[in-house]
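Asker: Provided below: entry_11.pdb, containing PDB, C-alpha atoms.
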```pdb
ATOM      1  CA  MET A1320     -18.752 -59.943  41.053  1.00  0.00           C
ATOM      2  CA  GLU A1321     -21.582 -61.695  42.853  1.00  0.00           C
ATOM      3  CA  ARG A1322     -19.228 -63.305  45.403  1.00  0.00           C
ATOM      4  CA  MET A1323     -17.592 -59.949  46.128  1.00  0.00           C
ATOM      5  CA  LYS A1324     -20.996 -58.247  46.478  1.00  0.00           C
ATOM      6  CA  ASN A1325     -22.163 -60.985  48.871  1.00  0.00           C
ATOM      7  CA  PHE A1326     -19.020 -60.609  50.985  1.00  0.00           C
ATOM      8  CA  PHE A1327     -19.294 -56.807  51.100  1.00  0.00           C
ATOM      9  CA  SER A1328     -22.983 -57.074  52.017  1.00  0.00           C
ATOM     10  CA  LYS A1329     -22.042 -58.917  55.212  1.00  0.00           C
ATOM     11  CA  TYR A1330     -20.645 -55.600  56.444  1.00  0.00           C
ATOM     12  CA  HIS A1331     -22.915 -53.041  54.826  1.00  0.00           C
ATOM     13  CA  GLU A1332     -25.807 -53.026  52.381  1.00  0.00           C
ATOM     14  CA  MET A1333     -24.659 -51.943  48.918  1.00  0.00           C
ATOM     15  CA  SER A1334     -26.787 -49.602  46.835  1.00  0.00           C
ATOM     16  CA  THR A1335     -27.622 -50.378  43.238  1.00  0.00           C
ATOM     17  CA  ALA A1336     -25.573 -47.331  42.234  1.00  0.00           C
ATOM     18  CA  SER A1337     -22.445 -48.547  44.059  1.00  0.00           C
ATOM     19  CA  GLN A1338     -22.779 -52.002  42.513  1.00  0.00           C
ATOM     20  CA  ALA A1339     -23.160 -50.447  39.058  1.00  0.00           C
ATOM     21  CA  PHE A1340     -20.104 -48.212  39.636  1.00  0.00           C
ATOM     22  CA  LEU A1341     -17.924 -51.196  40.599  1.00  0.00           C
ATOM     23  CA  LYS A1342     -19.174 -53.201  37.628  1.00  0.00           C
ATOM     24  CA  GLU A1343     -18.633 -50.353  35.172  1.00  0.00           C
ATOM     25  CA  HIS A1344     -15.175 -49.257  36.376  1.00  0.00           C
ATOM     26  CA  GLY A1345     -13.600 -52.540  37.430  1.00  0.00           C
ATOM     27  CA  LYS A1346     -12.991 -55.937  35.919  1.00  0.00           C
ATOM     28  CA  LEU A1347     -12.614 -59.559  36.918  1.00  0.00           C
ATOM     29  CA  SER A1348      -9.300 -61.182  36.010  1.00  0.00           C
ATOM     30  CA  PHE A1349      -7.927 -64.694  36.350  1.00  0.00           C
ATOM     31  CA  TYR A1350      -4.240 -65.324  37.047  1.00  0.00           C
ATOM     32  CA  LYS A1351      -2.349 -68.597  36.994  1.00  0.00           C
ATOM     33  CA  LYS A1352      -0.272 -69.931  39.867  1.00  0.00           C
ATOM     34  CA  GLY A1353       3.306 -68.674  39.595  1.00  0.00           C
ATOM     35  CA  ASN A1354       2.481 -65.609  37.483  1.00  0.00           C
ATOM     36  CA  TYR A1355       3.496 -62.156  38.663  1.00  0.00           C
ATOM     37  CA  TYR A1356       1.031 -59.292  38.973  1.00  0.00           C
ATOM     38  CA  LYS A1357       3.797 -56.739  39.266  1.00  0.00           C
ATOM     39  CA  ILE A1358       7.566 -56.553  39.507  1.00  0.00           C
ATOM     40  CA  ALA A1359       9.310 -54.750  42.375  1.00  0.00           C
ATOM     41  CA  GLY A1360       9.776 -51.029  41.786  1.00  0.00           C
ATOM     42  CA  ILE A1361       7.166 -50.758  39.040  1.00  0.00           C
ATOM     43  CA  PRO A1362       3.860 -49.178  40.118  1.00  0.00           C
ATOM     44  CA  MET A1363       0.516 -50.723  39.251  1.00  0.00           C
ATOM     45  CA  SER A1364      -2.060 -48.114  40.210  1.00  0.00           C
ATOM     46  CA  THR A1365      -4.793 -50.608  41.029  1.00  0.00           C
ATOM     47  CA  TRP A1366      -6.800 -51.754  44.012  1.00  0.00           C
ATOM     48  CA  CYS A1367      -7.454 -55.494  43.911  1.00  0.00           C
ATOM     49  CA  PHE A1368      -9.911 -57.630  45.850  1.00  0.00           C
ATOM     50  CA  ILE A1369      -9.131 -61.353  45.956  1.00  0.00           C
ATOM     51  CA  ILE A1370     -12.292 -63.276  45.138  1.00  0.00           C
ATOM     52  CA  ASP A1371     -10.440 -66.582  45.266  1.00  0.00           C
ATOM     53  CA  GLY A1372      -6.783 -67.575  45.482  1.00  0.00           C
ATOM     54  CA  VAL A1373      -3.586 -66.579  47.281  1.00  0.00           C
ATOM     55  CA  VAL A1374      -1.213 -63.686  46.574  1.00  0.00           C
ATOM     56  CA  ALA A1375       2.259 -63.066  48.016  1.00  0.00           C
ATOM     57  CA  LYS A1376       4.266 -59.879  48.268  1.00  0.00           C
ATOM     58  CA  GLU A1377       7.906 -60.807  47.750  1.00  0.00           C
ATOM     59  CA  VAL A1378      11.047 -58.828  48.515  1.00  0.00           C
ATOM     60  CA  LEU A1379      14.539 -59.413  47.217  1.00  0.00           C
ATOM     61  CA  GLU A1380      16.995 -59.590  50.106  1.00  0.00           C
ATOM     62  CA  ALA A1381      20.572 -58.240  49.913  1.00  0.00           C
ATOM     63  CA  ASP A1382      21.901 -61.774  49.438  1.00  0.00           C
ATOM     64  CA  THR A1383      19.560 -62.137  46.402  1.00  0.00           C
ATOM     65  CA  THR A1384      17.162 -64.539  48.105  1.00  0.00           C
ATOM     66  CA  VAL A1385      13.459 -63.900  47.633  1.00  0.00           C
ATOM     67  CA  ARG A1386      11.450 -63.666  50.856  1.00  0.00           C
ATOM     68  CA  ILE A1387       7.684 -63.652  51.159  1.00  0.00           C
ATOM     69  CA  GLU A1388       6.846 -60.580  53.185  1.00  0.00           C
ATOM     70  CA  ARG A1389       3.084 -60.817  53.164  1.00  0.00           C
ATOM     71  CA  ILE A1390       0.370 -63.223  52.071  1.00  0.00           C
ATOM     72  CA  SER A1391      -3.196 -62.300  51.199  1.00  0.00           C
ATOM     73  CA  GLY A1392      -6.019 -64.737  50.565  1.00  0.00           C
ATOM     74  CA  LYS A1393      -9.672 -64.890  49.680  1.00  0.00           C
ATOM     75  CA  ASN A1394     -11.714 -61.804  50.641  1.00  0.00           C
ATOM     76  CA  GLU A1395      -8.641 -59.652  51.267  1.00  0.00           C
ATOM     77  CA  TYR A1396      -7.280 -56.801  49.182  1.00  0.00           C
ATOM     78  CA  PHE A1397      -3.943 -55.469  48.015  1.00  0.00           C
ATOM     79  CA  THR A1398      -2.727 -52.568  45.944  1.00  0.00           C
ATOM     80  CA  GLY A1399      -0.056 -52.305  43.296  1.00  0.00           C
ATOM     81  CA  THR A1400       1.223 -49.143  44.984  1.00  0.00           C
ATOM     82  CA  ASN A1401       1.907 -48.155  48.602  1.00  0.00           C
ATOM     83  CA  HIS A1402      -1.858 -47.652  49.155  1.00  0.00           C
ATOM     84  CA  PRO A1403      -4.876 -46.584  47.080  1.00  0.00           C
ATOM     85  CA  TYR A1404      -4.053 -42.890  47.510  1.00  0.00           C
ATOM     86  CA  SER A1405      -0.528 -43.285  46.152  1.00  0.00           C
ATOM     87  CA  ASP A1406       1.056 -43.761  42.761  1.00  0.00           C
ATOM     88  CA  THR A1407       4.421 -44.631  44.318  1.00  0.00           C
ATOM     89  CA  ALA A1408       5.843 -48.024  43.451  1.00  0.00           C
ATOM     90  CA  THR A1409       6.656 -50.440  46.234  1.00  0.00           C
ATOM     91  CA  ALA A1410       9.841 -52.468  46.487  1.00  0.00           C
ATOM     92  CA  VAL A1411       7.849 -55.707  46.392  1.00  0.00           C
ATOM     93  CA  ALA A1412       6.844 -58.051  43.623  1.00  0.00           C
ATOM     94  CA  ILE A1413       3.338 -59.490  43.729  1.00  0.00           C
ATOM     95  CA  LYS A1414       3.076 -63.180  42.821  1.00  0.00           C
ATOM     96  CA  PHE A1415       0.134 -65.564  42.641  1.00  0.00           C
ATOM     97  CA  LEU A1416       0.732 -68.650  44.808  1.00  0.00           C
ATOM     98  CA  GLN A1417      -2.513 -70.272  43.670  1.00  0.00           C
ATOM     99  CA  PRO A1418      -4.818 -69.752  40.690  1.00  0.00           C
ATOM    100  CA  THR A1419      -6.464 -66.457  41.597  1.00  0.00           C
ATOM    101  CA  ILE A1420      -9.567 -64.494  40.610  1.00  0.00           C
ATOM    102  CA  LEU A1421      -9.274 -60.752  41.227  1.00  0.00           C
ATOM    103  CA  TYR A1422     -11.580 -57.804  41.013  1.00  0.00           C
ATOM    104  CA  GLU A1423      -9.385 -54.932  39.786  1.00  0.00           C
ATOM    105  CA  ILE A1424     -10.151 -51.226  39.710  1.00  0.00           C
ATOM    106  CA  SER A1425      -7.822 -48.285  39.126  1.00  0.00           C
ATOM    107  CA  ASN A1426      -6.800 -46.353  42.229  1.00  0.00           C
ATOM    108  CA  THR A1427      -8.375 -43.242  40.727  1.00  0.00           C
ATOM    109  CA  ASP A1428     -11.751 -44.921  40.180  1.00  0.00           C
ATOM    110  CA  PHE A1429     -11.533 -46.607  43.580  1.00  0.00           C
ATOM    111  CA  LYS A1430     -11.005 -43.242  45.303  1.00  0.00           C
ATOM    112  CA  HIS A1431     -14.013 -41.811  43.428  1.00  0.00           C
ATOM    113  CA  ALA A1432     -16.080 -44.810  44.535  1.00  0.00           C
ATOM    114  CA  LEU A1433     -15.198 -44.181  48.180  1.00  0.00           C
ATOM    115  CA  VAL A1434     -16.295 -40.538  47.914  1.00  0.00           C
ATOM    116  CA  GLN A1435     -19.426 -41.088  45.803  1.00  0.00           C
ATOM    117  CA  HIS A1436     -20.667 -44.188  47.655  1.00  0.00           C
ATOM    118  CA  PRO A1437     -20.319 -43.905  51.447  1.00  0.00           C
ATOM    119  CA  GLU A1438     -21.156 -47.590  51.963  1.00  0.00           C
ATOM    120  CA  LEU A1439     -18.051 -48.530  49.977  1.00  0.00           C
ATOM    121  CA  SER A1440     -15.989 -46.280  52.239  1.00  0.00           C
ATOM    122  CA  VAL A1441     -17.397 -48.102  55.292  1.00  0.00           C
ATOM    123  CA  ILE A1442     -16.607 -51.486  53.731  1.00  0.00           C
ATOM    124  CA  PHE A1443     -13.090 -50.354  52.796  1.00  0.00           C
ATOM    125  CA  HIS A1444     -12.412 -49.212  56.369  1.00  0.00           C
ATOM    126  CA  ILE A1445     -13.547 -52.599  57.670  1.00  0.00           C
ATOM    127  CA  LEU A1446     -11.282 -54.378  55.161  1.00  0.00           C
ATOM    128  CA  LYS A1447      -8.431 -52.065  56.147  1.00  0.00           C
ATOM    129  CA  GLN A1448      -8.932 -52.975  59.814  1.00  0.00           C
ATOM    130  CA  HIS A1449      -8.865 -56.668  58.873  1.00  0.00           C
ATOM    131  CA  LYS A1450      -5.533 -56.009  57.138  1.00  0.00           C
ATOM    132  CA  VAL A1451      -4.141 -54.233  60.207  1.00  0.00           C
ATOM    133  CA  ASN A1452      -5.229 -57.162  62.386  1.00  0.00           C
ATOM    134  CA  ARG A1453      -3.563 -59.596  59.988  1.00  0.00           C
ATOM    135  CA  LEU A1454      -0.329 -57.592  60.027  1.00  0.00           C
ATOM    136  CA  GLN A1455      -0.370 -57.595  63.823  1.00  0.00           C
ATOM    137  CA  ASP A1456      -0.741 -61.388  63.721  1.00  0.00           C
ATOM    138  CA  ILE A1457       2.226 -61.659  61.342  1.00  0.00           C
ATOM    139  CA  VAL A1458       4.423 -59.468  63.554  1.00  0.00           C
ATOM    140  CA  HIS A1459       3.440 -61.584  66.556  1.00  0.00           C
ATOM    141  CA  ILE A1460       4.266 -64.819  64.698  1.00  0.00           C
ATOM    142  CA  LEU A1461       7.640 -63.573  63.483  1.00  0.00           C
ATOM    143  CA  ASN A1462       8.599 -62.489  66.992  1.00  0.00           C
ATOM    144  CA  LEU A1463       8.130 -66.045  68.272  1.00  0.00           C
ATOM    145  CA  PRO A1464      10.979 -68.547  68.357  1.00  0.00           C
ATOM    146  CA  PRO A1465      11.223 -70.308  64.960  1.00  0.00           C
ATOM    147  CA  ALA A1466      10.073 -73.609  66.489  1.00  0.00           C
ATOM    148  CA  HIS A1467       6.692 -72.049  67.415  1.00  0.00           C
ATOM    149  CA  ARG A1468       5.956 -70.165  64.195  1.00  0.00           C
ATOM    150  CA  VAL A1469       4.358 -72.985  62.187  1.00  0.00           C
ATOM    151  CA  HIS A1470       1.930 -73.746  65.003  1.00  0.00           C
ATOM    152  CA  GLU A1471       0.959 -70.105  65.440  1.00  0.00           C
ATOM    153  CA  LEU A1472       0.484 -69.661  61.693  1.00  0.00           C
ATOM    154  CA  TYR A1473      -1.850 -72.674  61.649  1.00  0.00           C
ATOM    155  CA  LEU A1474      -3.839 -71.016  64.435  1.00  0.00           C
ATOM    156  CA  LYS A1475      -3.939 -67.529  62.892  1.00  0.00           C
ATOM    157  CA  MET A1476      -4.251 -68.398  59.178  1.00  0.00           C
ATOM    158  CA  PRO A1477      -5.645 -71.951  58.933  1.00  0.00           C
ATOM    159  CA  HIS A1478      -7.187 -71.289  55.508  1.00  0.00           C
ATOM    160  CA  ILE A1479      -3.838 -70.243  54.002  1.00  0.00           C
ATOM    161  CA  MET A1480      -1.453 -72.857  55.395  1.00  0.00           C
ATOM    162  CA  PRO A1481      -2.661 -75.849  53.340  1.00  0.00           C
ATOM    163  CA  LEU A1482      -2.248 -73.799  50.151  1.00  0.00           C
ATOM    164  CA  LEU A1483       1.459 -73.033  50.664  1.00  0.00           C
ATOM    165  CA  THR A1484       4.403 -75.207  49.754  1.00  0.00           C
ATOM    166  CA  ILE A1485       7.040 -75.930  52.391  1.00  0.00           C
ATOM    167  CA  LYS A1486       9.393 -73.501  50.651  1.00  0.00           C
ATOM    168  CA  GLU A1487       6.728 -70.757  50.733  1.00  0.00           C
ATOM    169  CA  ARG A1488       5.976 -71.443  54.412  1.00  0.00           C
ATOM    170  CA  ARG A1489       9.679 -71.276  55.275  1.00  0.00           C
ATOM    171  CA  SER A1490      10.068 -68.024  53.374  1.00  0.00           C
ATOM    172  CA  PHE A1491       7.020 -66.419  54.968  1.00  0.00           C
ATOM    173  CA  LEU A1492       7.927 -67.602  58.475  1.00  0.00           C
ATOM    174  CA  ASN A1493      11.596 -66.678  58.075  1.00  0.00           C
ATOM    175  CA  ILE A1494      12.737 -70.235  58.856  1.00  0.00           C
ATOM    176  CA  SER A1495      16.172 -70.739  57.369  1.00  0.00           C
ATOM    177  CA  CYS A1496      16.282 -74.451  56.511  1.00  0.00           C
ATOM    178  CA  ASN A1497      14.141 -77.565  56.115  1.00  0.00           C
ATOM    179  CA  ARG A1498      15.504 -79.065  59.343  1.00  0.00           C
ATOM    180  CA  ASP A1499      14.259 -76.081  61.369  1.00  0.00           C
ATOM    181  CA  TYR A1500      10.928 -76.189  59.538  1.00  0.00           C
ATOM    182  CA  TYR A1501      10.383 -79.832  60.443  1.00  0.00           C
ATOM    183  CA  ILE A1502      11.305 -79.118  64.076  1.00  0.00           C
ATOM    184  CA  ALA A1503       8.598 -76.432  64.040  1.00  0.00           C
ATOM    185  CA  LEU A1504       6.147 -78.796  62.336  1.00  0.00           C
ATOM    186  CA  ARG A1505       6.765 -81.467  65.010  1.00  0.00           C
ATOM    187  CA  TYR A1506       6.088 -78.845  67.677  1.00  0.00           C
ATOM    188  CA  HIS A1507       2.795 -78.011  65.933  1.00  0.00           C
ATOM    189  CA  ILE A1508       1.771 -81.669  65.716  1.00  0.00           C
ATOM    190  CA  LYS A1509       2.438 -82.115  69.451  1.00  0.00           C
ATOM    191  CA  GLN A1510       0.250 -79.117  70.260  1.00  0.00           C
ATOM    192  CA  THR A1511      -2.757 -80.346  68.321  1.00  0.00           C
TER     193      THR A1511
END
```
Is it possible to express this structure as C-alpha cells?

Answerer:
Amino acid sequence: MERMKNFFSKYHEMSTASQAFLKEHGKLSFYKKGNYYKIAGIPMSTWCFIIDGVVAKEVLEADTTVRIERISGKNEYFTGTNHPYSDTATAVAIKFLQPTILYEISNTDFKHALVQHPELSVIFHILKQHKVNRLQDIVHILNLPPAHRVHELYLKMPHIMPLLTIKERRSFLNISCNRDYYIALRYHIKQT
C-alpha cells in the first residue's frame, strides 16, 4: 500500500481519510507468472492497480490463436470489466506475464471512493489519461511496418520490453513469425 500511496502522492496529496478508505475496502494480492486473473467473457467487477509486475489482456482470434491485445505494467491499472462503471464482461482474458502484486478494490467501492474523496478522482483521471496516451502509442506502433515495431516499442515502453518473451513480443506487436521478429530486432539494433 505504501508504494501505491507514494505513487499517487506524486500527482495529488492524499488525505488520511482516503488512505483509510483504500486500506479498508481493498486488498493486496500476489499472483504468479502465467496465472490468469480472469477468463474471457466472465466479469470480475474489480479495479486493480499494478504495484509491481506485468499483466496482459489476451484475445482468442478466429483461428484459435491467442493474441496479446494490451500490456499493463507497474503503476498502471486495469479492470475486470469494460471500465469501473460497468459490470459487463469483456471478451479478453487477463494473464500475469510476470509475478505481480496488485491492489484490488471492487468497482462499487472504487466508485464510492471517487465520489467521497475528490483527490482520488483527480488521481484516477490522471491515470486514465496515462492509459489513453499508452493506447495511442500502441495504435501508432501497430500502424508501422512490422520491421519498425520492435524499435518503436523499445522507445515507447522500455520498462516492459525486457520483461516479455519473444513469443509475447511477437503476439503484442502482431508479428507473424520468428524470422520477421528478428528482422525487426536487427532494425532496432541498427537504430541504437

Asker: Could you name the residues that touch A:His1436 at 7 Å or less, counting all atoms listed in the file, but leaving out those on the same chain fewer than 4 positions away, as a list in words?

Answerer: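 The contact residues come out as Ser1337, Ala1432 and Ser1440 of chain A.
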
Asker: Selected by the PyMOL selection byres ((chain A and resi 1495-1506) around 8) in the shown coordinates: which residues, as a PDB file with C-alpha atoms, in the coordinates of the input?

Answerer:
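Output file result.pdb follows:
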```pdb
ATOM      1  CA  PRO A1465      11.223 -70.308  64.960  1.00  0.00           C
ATOM      2  CA  ALA A1466      10.073 -73.609  66.489  1.00  0.00           C
ATOM      3  CA  HIS A1467       6.692 -72.049  67.415  1.00  0.00           C
ATOM      4  CA  ARG A1468       5.956 -70.165  64.195  1.00  0.00           C
ATOM      5  CA  VAL A1469       4.358 -72.985  62.187  1.00  0.00           C
ATOM      6  CA  HIS A1470       1.930 -73.746  65.003  1.00  0.00           C
ATOM      7  CA  ARG A1489       9.679 -71.276  55.275  1.00  0.00           C
ATOM      8  CA  SER A1490      10.068 -68.024  53.374  1.00  0.00           C
ATOM      9  CA  ASN A1493      11.596 -66.678  58.075  1.00  0.00           C
ATOM     10  CA  ILE A1494      12.737 -70.235  58.856  1.00  0.00           C
ATOM     11  CA  HIS A1507       2.795 -78.011  65.933  1.00  0.00           C
ATOM     12  CA  ILE A1508       1.771 -81.669  65.716  1.00  0.00           C
ATOM     13  CA  LYS A1509       2.438 -82.115  69.451  1.00  0.00           C
ATOM     14  CA  GLN A1510       0.250 -79.117  70.260  1.00  0.00           C
TER      15      GLN A1510
END
```

Asker: I'd like to see the residues matched by the PyMOL selection byres ((chain A and resi 1390) around 6) on this file, and ideally I'd get them as a list of chain:residue names.

Answerer: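 Given this file, the PyMOL selection byres ((chain A and resi 1390) around 6) evaluates to A:Val1374, A:Ala1375, A:Arg1389, A:Ser1391.
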
Asker: A:Cys1367, A:Lys1475, A:Val1411, A:Thr1335: which is nearest A:Leu1446, counting only C-alpha atoms?

Answerer: A:Cys1367

Asker: Convert the output of the PyMOL selection byres ((chain A and resi 1348-1354) around 9) on the shown file into explicit residues, formatted as a ChimeraX atom specification.

Answerer: /A:1346-1347,1355-1356,1372-1373,1413-1423

Asker: For stretch 1458-1462 of chain A, work out the shell of residues within 7 Å, counting all atoms listed in the file and skipping chain neighbours fewer than 2 positions away, then give it as a ChimeraX atom specification.

Answerer: /A:1454-1456,1464,1468,1471-1472,1492

Asker: Next, the residues of the selection above should be written as an mmCIF file, keeping the file's coordinate frame with C-alpha atoms.

Answerer:
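Output contents, as saved in out-v4.cif:
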```cif
data_model
loop_
_atom_site.group_PDB
_atom_site.id
_atom_site.type_symbol
_atom_site.label_atom_id
_atom_site.label_comp_id
_atom_site.auth_asym_id
_atom_site.auth_seq_id
_atom_site.Cartn_x
_atom_site.Cartn_y
_atom_site.Cartn_z
ATOM 1 C CA LEU A 1454 -0.329 -57.592 60.027
ATOM 2 C CA GLN A 1455 -0.370 -57.595 63.823
ATOM 3 C CA ASP A 1456 -0.741 -61.388 63.721
ATOM 4 C CA PRO A 1464 10.979 -68.547 68.357
ATOM 5 C CA ARG A 1468 5.956 -70.165 64.195
ATOM 6 C CA GLU A 1471 0.959 -70.105 65.440
ATOM 7 C CA LEU A 1472 0.484 -69.661 61.693
ATOM 8 C CA LEU A 1492 7.927 -67.602 58.475
#
```

Asker: Considering all atoms listed in the file, state which residue in the set A:Ile1479, A:Glu1388, A:Tyr1473, A:Arg1488 is at the smallest distance from A:Thr1511.

Answerer: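 When distances to A:Thr1511 are compared using all atoms listed in the file, the smallest one comes from A:Tyr1473.
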
Asker: Taking into account all atoms listed in the file, which residue in the set A:Glu1395, A:Asp1406, A:Glu1487, A:Glu1321 is nearest to A:Ile1445?

Answerer: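 With all atoms listed in the file as the atom set, the closest residue is A:Glu1395.
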
Asker: Of the candidates A:Val1451, A:Met1480, A:Glu1438, A:Trp1366, which one gets nearest to A:Lys1329 if we count only C-alpha atoms?

Answerer: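 Checking each candidate against A:Lys1329, we get A:Glu1438 as the closest.
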
Asker: Can you tell me how far atom CA of A:Ile1457 sits from atom CA of A:Asn1325, in Å to one decimal?

Answerer: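 Calculated distance between atom CA of A:Ile1457 and atom CA of A:Asn1325 is 27.4 Å.
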
Asker: By how many Å are atom CA of A:Val1441 and atom CA of A:Ser1334 apart?

Answerer: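 Pair atom CA of A:Val1441 / atom CA of A:Ser1334 returns 12.7 Å.
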
Asker: Determine the nearest neighbour of A:His1331 from the options A:Leu1482, A:Val1434, A:Met1476, A:Ile1442, counting all atoms listed in the file.

Answerer: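 Between A:Leu1482, A:Val1434, A:Met1476, A:Ile1442, the residue approaching A:His1331 most closely is A:Ile1442.
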
Asker: Compile the contact shell of stretch 1424-1426 of chain A as an MDAnalysis selection string: residues with an atom at most 6 Å away, counting all atoms listed in the file, same-chain residues fewer than 6 positions apart removed.

Answerer: chainID A and resid 1345 1364:1366 1403

Asker: Which one of A:Phe1491, A:Ala1408, A:Gln1435, A:Val1378 sits closest to A:Pro1362 if you count all atoms listed in the file?

Answerer: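 When distances to A:Pro1362 are compared using all atoms listed in the file, the smallest one comes from A:Ala1408.
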
Asker: In Å, rounded to a single decimal, give me how far atom CA of A:Phe1443 is from atom CA of A:Ala1339.

Answerer: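 Separating atom CA of A:Ala1339 from atom CA of A:Phe1443 is a distance of 17.0 Å.
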
Asker: Find the residues near A:Asn1394: any atom within 9 Å, counting all atoms listed in the file, skip ones fewer than 4 places away on the same chain, and give them as number ranges by chain.

Answerer: A: 1323, 1326, 1368-1371, 1446
